[in-house]
Amino acid sequence: MAARELRSEPQRLDEARRLVPPSGASPALDRLAELAARLLDTDGSQISLLTDVQLVAAATGLPAASVGSREPLEDSLCTVTAAGRAPLLVPDARADDRFRGLPPVASGRVGAYLGTPLTTSDGRTIGALCVFDATPREWSESDVATLRQLSASTVTELELSHLVRQYESDRLRWGLAIDAAGIGTFDWDLVTGRLAWDDQLIRMFGYDVATFGQHIDAFSARLHPDDRDRVEEALQHAVDTCGEYDAEYRVVRPDGETRWVHARGRALAGTDDVAVRVLGAAYDTTGERESAGLVIRVLEAMPAGFYSLDRDWRFTYVNAEGERLLGAARDELLGRVIWEAFPAAVNTIFEESYRTAVRTGLPVSFDAHYPAPLDGWYELRAWPTPDGLSVYFLEVTERRRVQEQAADSAARLALLAQISADLAGHLDARTVAARLPQLVVPSLADFAIVTLVDPDGRPRDVGSWHVDSSSRAVLQRYTEVRVDAMPVGSPLARALITGEQVREAGAAVRAMLLPGEARDLLEVLHPEGAIVLPMRGRGRTLGLLTLYFRHRSTHREADIVTAQDVADRTGLALDNYRLYAAQQQLAEGLQRSLLTEPPEPDHAEIAVRYVPAAEAARVGGDWYDAFLQPGGTTMLVIGDVVGHDTEAAAAMGQLRGLLRGIATYSDAGPVEVLRGLDASMTTLRTGTLATAAVARFEQTPDELERGVTRMRWANAGHLPPLVVNPDGSVAELASWRGDLLLGVDADARRQESVVVLDRGATVLLYTDGLIERRDADLDAGLVRLREALIELADRPLEEMLDEVLERMVDGHPEDDVALVAVRLHRQDRPRPAEAGPNVVPPDVPADPA
């Protein structure tokens with residue numbers, strides 16, 4: 001039924017056929033189709049022109065052979081779109097009885113469809129622009145608005161291409177008409193002696209390009225003997241006086257035919273007032289009456305306007321098209337001076353170009369606008385002649401309008417693309433929103449303010465920009481005071497409450513403000529109008545974009561549609577940021593809740609750090625632990641579950657709890673703790689892989705007397721601890737090769753190592769996020785860590801860890817980082833100050849270390 005309706009409109013069919021690209025395709029349409037798919041993030045797009053069949057003029061996401069193909073109207077969703085004259089939204093085509101049988105849907109290529117009609121300026125629907133996904137999806141109002149703008153740009157491109165083709169056809173006919181007039185030109189360079197003729201003049205004298213010698217002798221050789229002396233004398237007089245040259249003479253052609261030629265020109269002087277060049281034109285005057293009649297017939301039939309002026313700038317001829325374009329009958333113009341008949345041309349590009357052509361003897365071409373009453377754009381070519389000046393001209397107002405419309409549409413689409421890219425490229429949408437006014441001024445407004453709604457519901461201005469740099473300070477101050485000064489019924493408040501656009505005259509806004517600084521500042525800014533656009537996201541208004549105009553006629557409805565699209569995109573980004581921030585805060589809070597503060601054993605200081613990855617979900621599998629065993633020994637743990645998500649964090653919490661339970665119940669050593677943890681993981685079927693290193697600090701009475709401490713440690717595939725000795729040197733306790741990871745083989749044998757540490761030594765356990773970089777391997781990172789520890793050896797422990805993080809990852813690691821470190825202090829009595837106050841609970845024995 002839709003196809004039958006489209007075929008029943010002859011004028012619509014003619015318009016669609018007129019705008020079809022000659023080759024059936026167009027690079028400009030291809031770019032628009034690609035932009036549609038990119039902006040709406042779809043699998044594909046298609047531009048269809050609908051005559052008695054569907055022509056696919058451009059497409060993405062389809063086989064290359066699809067472009068230029070013709071298909072029955074009955075098989076296309078675009079036919080339904082065009083017949084409906086409104087956007088067609090199909091979230092799930094396979095569930096829709098209207099479309100499930102159509103070939104694009106049945107084949108699985110189209111699961112969701114959004115299309116808008118292509119409607120010309122006179123209201124005729126010629127086709128459709130659509131985007132589609134293979135799977136169902138919901139379409140938003142922003143999606144529809146974006147596709148509407150792209151469809152308008154598509155129609156503009158089709159109309160512009162048609163006008164350009166028509167214009168080139170007119171230019172071809174124009175050039176043929178000029179050739180038919182039979183006028184030739186010459187340029188004699190007196191310095192080099194080179195004589196240049198155009199093709200018309202070469203043919204007029206019976207030469208061809210190969211036989212014409214480009215010298216004055218070639219001219220003299222063709223002159224009739226009875227005319228030679230007279231013509232050469234006239235030419236020499238023009239050269240001697242730097243004056244005019246005017247002669248009519250006979251030319252004897254090689255075949256013996258004699259033709260009459262009338263030539264006029266001018267000698268041009270150099271810097272020393274000596275002639276250096278002679279320029280002019282000539283035409284065949286044989287049978288002048290017949291020739292004149294022929295020229296007039298050609299000029300009258302031309303689709304371009306033509307008029308000629310004499311040396312006093314008076315009209316001597318105007319053709320029929322010239323009468324129409326100039327809006328005056330030739331009887332009114334003949335004999336009048338052009339500057340008097342068209343005074344608006346004085347001191348403009350018209351007068352400057354015409355006088356330049358006459359002065360130099362060279363043709364000029366230019367585009368120019370003539371004001372009312374013509375009020376149009378014209379393309380002109382002015383050609384100096386022996387009698388004055390000939391002017392050919394075309395009206396190109398419609399072409400200019402379409403070009404400007406195309407440029408305007410392109411600028412709006414570029415603005416949307418830039419803002420979309422900025423929003424997609426920043427996690428902090430508030431930062432992008434704050435600089436939004438700089439993007440929309442001056443293309444959409446004279447100045448603008450962005451307002452965001454705080455979590456407590458209070459509006460706050462966060463960004464502003466003015467087209468006039470001298471007014472920006474005033475505008476900035478106005479944003480600092482205007483929210484508090486706005487009454488309940490202000491446009492700002494109405495837009496926040498209703499979530500709809502509010503338009504208001506500048507005087508009305510000023511009148512709402514009570515006398516005070518805000519009102520005084522708005523008087524200085526003095527907008528004539530304002531539009532408040534809500535920035536909406538998932539059913540709530542998260543901010544406002546206020547556009548101000550210094551003249552009420554400044555804005556256009558198309559600009560307001562674009563501005564609302566900008567506001568909607570920003571609102572959605574703000575809402576996404578709000579949800580992301582809430583999830584991020586929840587995830588990080590969960591992660592940190594699993595990482596407790598370290599104990600403070602006697603004569604030792606323990607410090608810990610956890611820094612989430614800068615570009616990840618801020619939750620992962622890295623962990624640290626530090627606790628006292630029942631026997632009083634101090635145990636440090638560092639570990640890393642494979643993965644970087646909430647599942648890894650959950651597994652980390654489970655493993656950390658198991659390890660702590662095994663160690664605090666059994667008083668077992670590092671190897672036994674890791675073995676017990678591996679066995680528990682197998683029994684519980686955790687399905688997790690992890691690395692871990694466990695270090696326990698022990699001391700016998702003899703070691704206490706000697707002031708040393710033993711560190712017993714075991715490594716399940718983790719990076720080895722580093723020891724900073726009291727003298728500032730750094731020791732790595734083992735090679736990179738460690739025992740098997742946890743979760744691989746519970747029966748694997750594990751090894752335990754022991755090292756004796758002096759008082760004042762520091763032990764650092766860390767995860768690979770501290771030393772890992774995309775542009776370097778772990779070995780290079782470990783070298784950097786050792787160098788940093790050597791430089792920081794004399795720093796307090798807490799300060800040392802902060803500096804290590806700053807130097808290694810600049811506070812923004814690419815992966816999660818966990819650190820745990822212990823520094824052994826002297827065991828004098830009373831407890832040394834550098835060990836801090838002894839906060840060990842009374843029922844826990846003092847740490848043997």
# chains A, B, ... in the order shown; residues from 1 in each chain; ligands from 1
$ select_by_dssp --residues "stretch 477-613 of chain A" --states "alpha helix (DSSP H)" --output "MDAnalysis selection string"
chainID A and resid 477:485 491:498 506:512 517:525 557:593
$ residues_around --residues "A:Asp43" --least-positions-apart "2" --cutoff "7 Å" --atoms "only C-alpha atoms" --output "ChimeraX atom specification"
/A:37,61,132-134
$ write_last_selection --atoms "N, CA and C atoms" --output "PDB file, in the first residue's frame"
ATOM      1  N   ALA A  37      25.901   6.265  10.695  1.00  0.00           N
ATOM      2  CA  ALA A  37      26.190   5.032  11.441  1.00  0.00           C
ATOM      3  C   ALA A  37      27.108   5.303  12.616  1.00  0.00           C
ATOM      4  N   GLY A  61      27.806  -0.946   6.051  1.00  0.00           N
ATOM      5  CA  GLY A  61      27.365  -2.197   6.657  1.00  0.00           C
ATOM      6  C   GLY A  61      26.673  -3.133   5.698  1.00  0.00           C
ATOM      7  N   PHE A 132      20.421   0.958  11.019  1.00  0.00           N
ATOM      8  CA  PHE A 132      19.876  -0.320  11.471  1.00  0.00           C
ATOM      9  C   PHE A 132      20.942  -1.105  12.222  1.00  0.00           C
ATOM     10  N   ASP A 133      20.459  -1.969  13.114  1.00  0.00           N
ATOM     11  CA  ASP A 133      21.287  -2.915  13.846  1.00  0.00           C
ATOM     12  C   ASP A 133      20.762  -4.315  13.600  1.00  0.00           C
ATOM     13  N   ALA A 134      21.621  -5.304  13.695  1.00  0.00           N
ATOM     14  CA  ALA A 134      21.192  -6.681  13.506  1.00  0.00           C
ATOM     15  C   ALA A 134      20.387  -7.189  14.693  1.00  0.00           C
TER      16      ALA A 134
END
$ closest_residue --among "A:Ala269, A:Leu114, A:Ala692, A:Ile126" --to "A:Pro10" --atoms "only C-alpha atoms"
A:Ile126
$ closest_residue --among "A:Glu351, A:Glu772, A:Asp41, A:Glu5" --to "A:Ala82" --atoms "only C-alpha atoms"
A:Glu5
$ residues_around --residues "A:Ala558" --least-positions-apart "5" --cutoff "12 Å" --atoms "only C-alpha atoms" --output "list in words"
Ala145, Thr146, Arg148, Gln149, Ala152, Ser153, Gln405, Asp408, Ser409, Ala411, Arg412, Leu413, Ser443, Leu444, Ala563, Gln564 and Asp565 of chain A
$ residues_around --residues "A:Ala626" --least-positions-apart "5" --cutoff "8 Å" --atoms "only C-alpha atoms" --output "PDB file with all heavy atoms, in the first residue's frame"
ATOM      1  N   PRO A 598      47.167  -2.223  59.533  1.00  0.00           N
ATOM      2  CA  PRO A 598      48.131  -3.188  60.079  1.00  0.00           C
ATOM      3  C   PRO A 598      48.244  -3.064  61.605  1.00  0.00           C
ATOM      4  O   PRO A 598      47.897  -2.021  62.189  1.00  0.00           O
ATOM      5  CB  PRO A 598      49.440  -2.771  59.403  1.00  0.00           C
ATOM      6  CG  PRO A 598      49.279  -1.305  59.192  1.00  0.00           C
ATOM      7  CD  PRO A 598      47.827  -1.089  58.865  1.00  0.00           C
ATOM      8  N   PRO A 599      48.749  -4.120  62.269  1.00  0.00           N
ATOM      9  CA  PRO A 599      48.986  -4.025  63.722  1.00  0.00           C
ATOM     10  C   PRO A 599      50.234  -3.199  64.002  1.00  0.00           C
ATOM     11  O   PRO A 599      50.965  -2.823  63.080  1.00  0.00           O
ATOM     12  CB  PRO A 599      49.185  -5.492  64.125  1.00  0.00           C
ATOM     13  CG  PRO A 599      49.785  -6.114  62.896  1.00  0.00           C
ATOM     14  CD  PRO A 599      49.110  -5.427  61.737  1.00  0.00           C
ATOM     15  N   ILE A 606      54.916  -1.081  60.907  1.00  0.00           N
ATOM     16  CA  ILE A 606      54.368  -1.651  59.672  1.00  0.00           C
ATOM     17  C   ILE A 606      53.567  -0.557  58.964  1.00  0.00           C
ATOM     18  O   ILE A 606      52.780   0.158  59.587  1.00  0.00           O
ATOM     19  CB  ILE A 606      53.467  -2.862  59.955  1.00  0.00           C
ATOM     20  CG1 ILE A 606      54.264  -3.961  60.656  1.00  0.00           C
ATOM     21  CG2 ILE A 606      52.854  -3.399  58.658  1.00  0.00           C
ATOM     22  CD1 ILE A 606      53.439  -5.154  61.070  1.00  0.00           C
ATOM     23  N   THR A 634      55.269 -11.760  64.035  1.00  0.00           N
ATOM     24  CA  THR A 634      54.612 -10.860  63.073  1.00  0.00           C
ATOM     25  C   THR A 634      54.663 -11.504  61.695  1.00  0.00           C
ATOM     26  O   THR A 634      55.710 -11.980  61.266  1.00  0.00           O
ATOM     27  CB  THR A 634      55.323  -9.503  63.022  1.00  0.00           C
ATOM     28  OG1 THR A 634      55.265  -8.902  64.306  1.00  0.00           O
ATOM     29  CG2 THR A 634      54.659  -8.587  61.987  1.00  0.00           C
ATOM     30  N   MET A 635      53.533 -11.491  61.002  1.00  0.00           N
ATOM     31  CA  MET A 635      53.466 -12.082  59.667  1.00  0.00           C
ATOM     32  C   MET A 635      52.962 -11.040  58.675  1.00  0.00           C
ATOM     33  O   MET A 635      51.974 -10.333  58.933  1.00  0.00           O
ATOM     34  CB  MET A 635      52.562 -13.311  59.672  1.00  0.00           C
ATOM     35  CG  MET A 635      52.552 -14.072  58.337  1.00  0.00           C
ATOM     36  SD  MET A 635      51.753 -15.700  58.462  1.00  0.00           S
ATOM     37  CE  MET A 635      53.096 -16.672  59.173  1.00  0.00           C
ATOM     38  N   LEU A 636      53.665 -10.911  57.523  1.00  0.00           N
ATOM     39  CA  LEU A 636      53.266 -10.037  56.431  1.00  0.00           C
ATOM     40  C   LEU A 636      52.869 -10.893  55.228  1.00  0.00           C
ATOM     41  O   LEU A 636      53.514 -11.912  54.956  1.00  0.00           O
ATOM     42  CB  LEU A 636      54.403  -9.100  56.023  1.00  0.00           C
ATOM     43  CG  LEU A 636      55.012  -8.194  57.088  1.00  0.00           C
ATOM     44  CD1 LEU A 636      56.012  -7.249  56.429  1.00  0.00           C
ATOM     45  CD2 LEU A 636      53.942  -7.409  57.829  1.00  0.00           C
ATOM     46  N   VAL A 637      51.856 -10.468  54.521  1.00  0.00           N
ATOM     47  CA  VAL A 637      51.363 -11.201  53.353  1.00  0.00           C
ATOM     48  C   VAL A 637      51.152 -10.214  52.213  1.00  0.00           C
ATOM     49  O   VAL A 637      50.648  -9.099  52.416  1.00  0.00           O
ATOM     50  CB  VAL A 637      50.035 -11.918  53.662  1.00  0.00           C
ATOM     51  CG1 VAL A 637      49.555 -12.709  52.431  1.00  0.00           C
ATOM     52  CG2 VAL A 637      50.186 -12.828  54.867  1.00  0.00           C
ATOM     53  N   VAL A 820      53.142  -3.626  51.400  1.00  0.00           N
ATOM     54  CA  VAL A 820      53.224  -3.789  52.845  1.00  0.00           C
ATOM     55  C   VAL A 820      54.709  -3.818  53.203  1.00  0.00           C
ATOM     56  O   VAL A 820      55.501  -4.481  52.534  1.00  0.00           O
ATOM     57  CB  VAL A 820      52.485  -5.062  53.318  1.00  0.00           C
ATOM     58  CG1 VAL A 820      53.034  -6.308  52.653  1.00  0.00           C
ATOM     59  CG2 VAL A 820      52.569  -5.197  54.838  1.00  0.00           C
TER      60      VAL A 820
END
$ atom_distance --atom1 "atom CA of A:Ala433" --atom2 "atom CA of A:His526"
24.5 Å
$ decode --residues "stretch 279-328 of chain A" --atoms "N, CA and C atoms" --output "short mmCIF file (atom, residue, chain, number, x, y, z; two decimals), in the first residue's frame"
data_model
loop_
_atom_site.label_atom_id
_atom_site.label_comp_id
_atom_site.auth_asym_id
_atom_site.auth_seq_id
_atom_site.Cartn_x
_atom_site.Cartn_y
_atom_site.Cartn_z
N LEU A 279 47.74 45.24 -26.11
CA LEU A 279 46.68 44.28 -25.92
C LEU A 279 45.47 44.70 -26.74
N GLY A 280 44.74 43.73 -27.25
CA GLY A 280 43.56 44.10 -28.01
C GLY A 280 42.76 42.91 -28.47
N ALA A 281 41.75 43.19 -29.29
CA ALA A 281 40.86 42.17 -29.81
C ALA A 281 40.51 42.52 -31.25
N ALA A 282 40.13 41.48 -31.98
CA ALA A 282 39.78 41.68 -33.39
C ALA A 282 38.64 40.75 -33.76
N TYR A 283 37.86 41.16 -34.75
CA TYR A 283 36.79 40.30 -35.22
C TYR A 283 36.60 40.50 -36.72
N ASP A 284 36.09 39.46 -37.33
CA ASP A 284 35.90 39.44 -38.79
C ASP A 284 34.67 40.28 -39.13
N THR A 285 34.85 41.34 -39.96
CA THR A 285 33.72 42.22 -40.32
C THR A 285 33.24 41.98 -41.74
N THR A 286 33.71 40.91 -42.35
CA THR A 286 33.23 40.58 -43.69
C THR A 286 31.73 40.29 -43.62
N GLY A 287 30.99 40.99 -44.48
CA GLY A 287 29.54 40.84 -44.41
C GLY A 287 29.04 41.22 -43.04
N GLU A 288 29.42 42.45 -42.59
CA GLU A 288 29.19 42.87 -41.20
C GLU A 288 27.72 42.80 -40.80
N ARG A 289 26.85 43.17 -41.73
CA ARG A 289 25.45 43.15 -41.35
C ARG A 289 24.99 41.73 -41.02
N GLU A 290 25.42 40.78 -41.86
CA GLU A 290 25.02 39.40 -41.60
C GLU A 290 25.65 38.90 -40.30
N SER A 291 26.93 39.24 -40.12
CA SER A 291 27.61 38.80 -38.91
C SER A 291 26.99 39.41 -37.67
N ALA A 292 26.68 40.72 -37.75
CA ALA A 292 26.07 41.39 -36.59
C ALA A 292 24.75 40.74 -36.25
N GLY A 293 23.98 40.41 -37.27
CA GLY A 293 22.70 39.76 -37.00
C GLY A 293 22.88 38.41 -36.34
N LEU A 294 23.92 37.67 -36.79
CA LEU A 294 24.19 36.37 -36.21
C LEU A 294 24.58 36.49 -34.73
N VAL A 295 25.46 37.48 -34.43
CA VAL A 295 25.89 37.67 -33.05
C VAL A 295 24.70 37.99 -32.16
N ILE A 296 23.84 38.87 -32.68
CA ILE A 296 22.68 39.27 -31.87
C ILE A 296 21.77 38.07 -31.62
N ARG A 297 21.59 37.24 -32.64
CA ARG A 297 20.73 36.07 -32.45
C ARG A 297 21.33 35.13 -31.39
N VAL A 298 22.65 34.98 -31.46
CA VAL A 298 23.30 34.12 -30.46
C VAL A 298 23.14 34.70 -29.06
N LEU A 299 23.39 36.02 -28.94
CA LEU A 299 23.29 36.66 -27.63
C LEU A 299 21.88 36.59 -27.07
N GLU A 300 20.89 36.75 -27.93
CA GLU A 300 19.50 36.72 -27.47
C GLU A 300 19.10 35.31 -27.03
N ALA A 301 19.72 34.31 -27.64
CA ALA A 301 19.37 32.93 -27.30
C ALA A 301 20.14 32.41 -26.09
N MET A 302 21.16 33.15 -25.64
CA MET A 302 21.99 32.67 -24.54
C MET A 302 21.18 32.54 -23.25
N PRO A 303 21.46 31.50 -22.44
CA PRO A 303 20.81 31.39 -21.13
C PRO A 303 21.44 32.31 -20.09
N ALA A 304 22.50 33.02 -20.47
CA ALA A 304 23.17 33.95 -19.57
C ALA A 304 22.82 35.37 -19.95
N GLY A 305 22.89 36.27 -18.95
CA GLY A 305 22.69 37.69 -19.23
C GLY A 305 23.92 38.26 -19.92
N PHE A 306 23.69 39.27 -20.79
CA PHE A 306 24.80 39.92 -21.49
C PHE A 306 24.45 41.39 -21.68
N TYR A 307 25.44 42.24 -21.45
CA TYR A 307 25.30 43.65 -21.83
C TYR A 307 26.66 44.18 -22.22
N SER A 308 26.67 45.23 -23.05
CA SER A 308 27.91 45.85 -23.48
C SER A 308 27.87 47.33 -23.11
N LEU A 309 29.06 47.85 -22.78
CA LEU A 309 29.22 49.25 -22.39
C LEU A 309 30.21 49.90 -23.32
N ASP A 310 29.97 51.19 -23.62
CA ASP A 310 30.97 51.91 -24.43
C ASP A 310 32.04 52.48 -23.52
N ARG A 311 32.93 53.26 -24.08
CA ARG A 311 34.06 53.79 -23.31
C ARG A 311 33.62 54.80 -22.25
N ASP A 312 32.42 55.32 -22.39
CA ASP A 312 31.89 56.24 -21.38
C ASP A 312 31.00 55.52 -20.38
N TRP A 313 31.05 54.20 -20.36
CA TRP A 313 30.30 53.36 -19.43
C TRP A 313 28.79 53.41 -19.64
N ARG A 314 28.40 53.67 -20.89
CA ARG A 314 26.97 53.69 -21.22
C ARG A 314 26.57 52.35 -21.83
N PHE A 315 25.35 51.93 -21.49
CA PHE A 315 24.83 50.70 -22.07
C PHE A 315 24.63 50.87 -23.57
N THR A 316 25.17 49.91 -24.36
CA THR A 316 24.95 49.92 -25.80
C THR A 316 24.14 48.71 -26.26
N TYR A 317 24.09 47.68 -25.41
CA TYR A 317 23.27 46.52 -25.76
C TYR A 317 22.96 45.74 -24.48
N VAL A 318 21.74 45.20 -24.40
CA VAL A 318 21.32 44.31 -23.31
C VAL A 318 20.49 43.21 -23.93
N ASN A 319 20.85 41.94 -23.68
CA ASN A 319 20.05 40.86 -24.26
C ASN A 319 18.81 40.59 -23.39
N ALA A 320 17.98 39.64 -23.87
CA ALA A 320 16.71 39.39 -23.19
C ALA A 320 16.92 38.86 -21.78
N GLU A 321 17.87 37.92 -21.59
CA GLU A 321 18.13 37.39 -20.25
C GLU A 321 18.70 38.47 -19.35
N GLY A 322 19.50 39.39 -19.93
CA GLY A 322 20.02 40.51 -19.16
C GLY A 322 18.91 41.40 -18.65
N GLU A 323 17.89 41.67 -19.49
CA GLU A 323 16.74 42.46 -19.04
C GLU A 323 16.08 41.82 -17.83
N ARG A 324 15.89 40.49 -17.92
CA ARG A 324 15.21 39.80 -16.82
C ARG A 324 16.03 39.87 -15.53
N LEU A 325 17.34 39.58 -15.63
CA LEU A 325 18.18 39.56 -14.43
C LEU A 325 18.38 40.95 -13.83
N LEU A 326 18.46 41.98 -14.68
CA LEU A 326 18.66 43.34 -14.19
C LEU A 326 17.37 44.01 -13.75
N GLY A 327 16.23 43.39 -14.07
CA GLY A 327 14.95 43.94 -13.65
C GLY A 327 14.59 45.23 -14.34
N ALA A 328 15.07 45.43 -15.59
CA ALA A 328 14.77 46.68 -16.32
C ALA A 328 14.75 46.38 -17.81
#
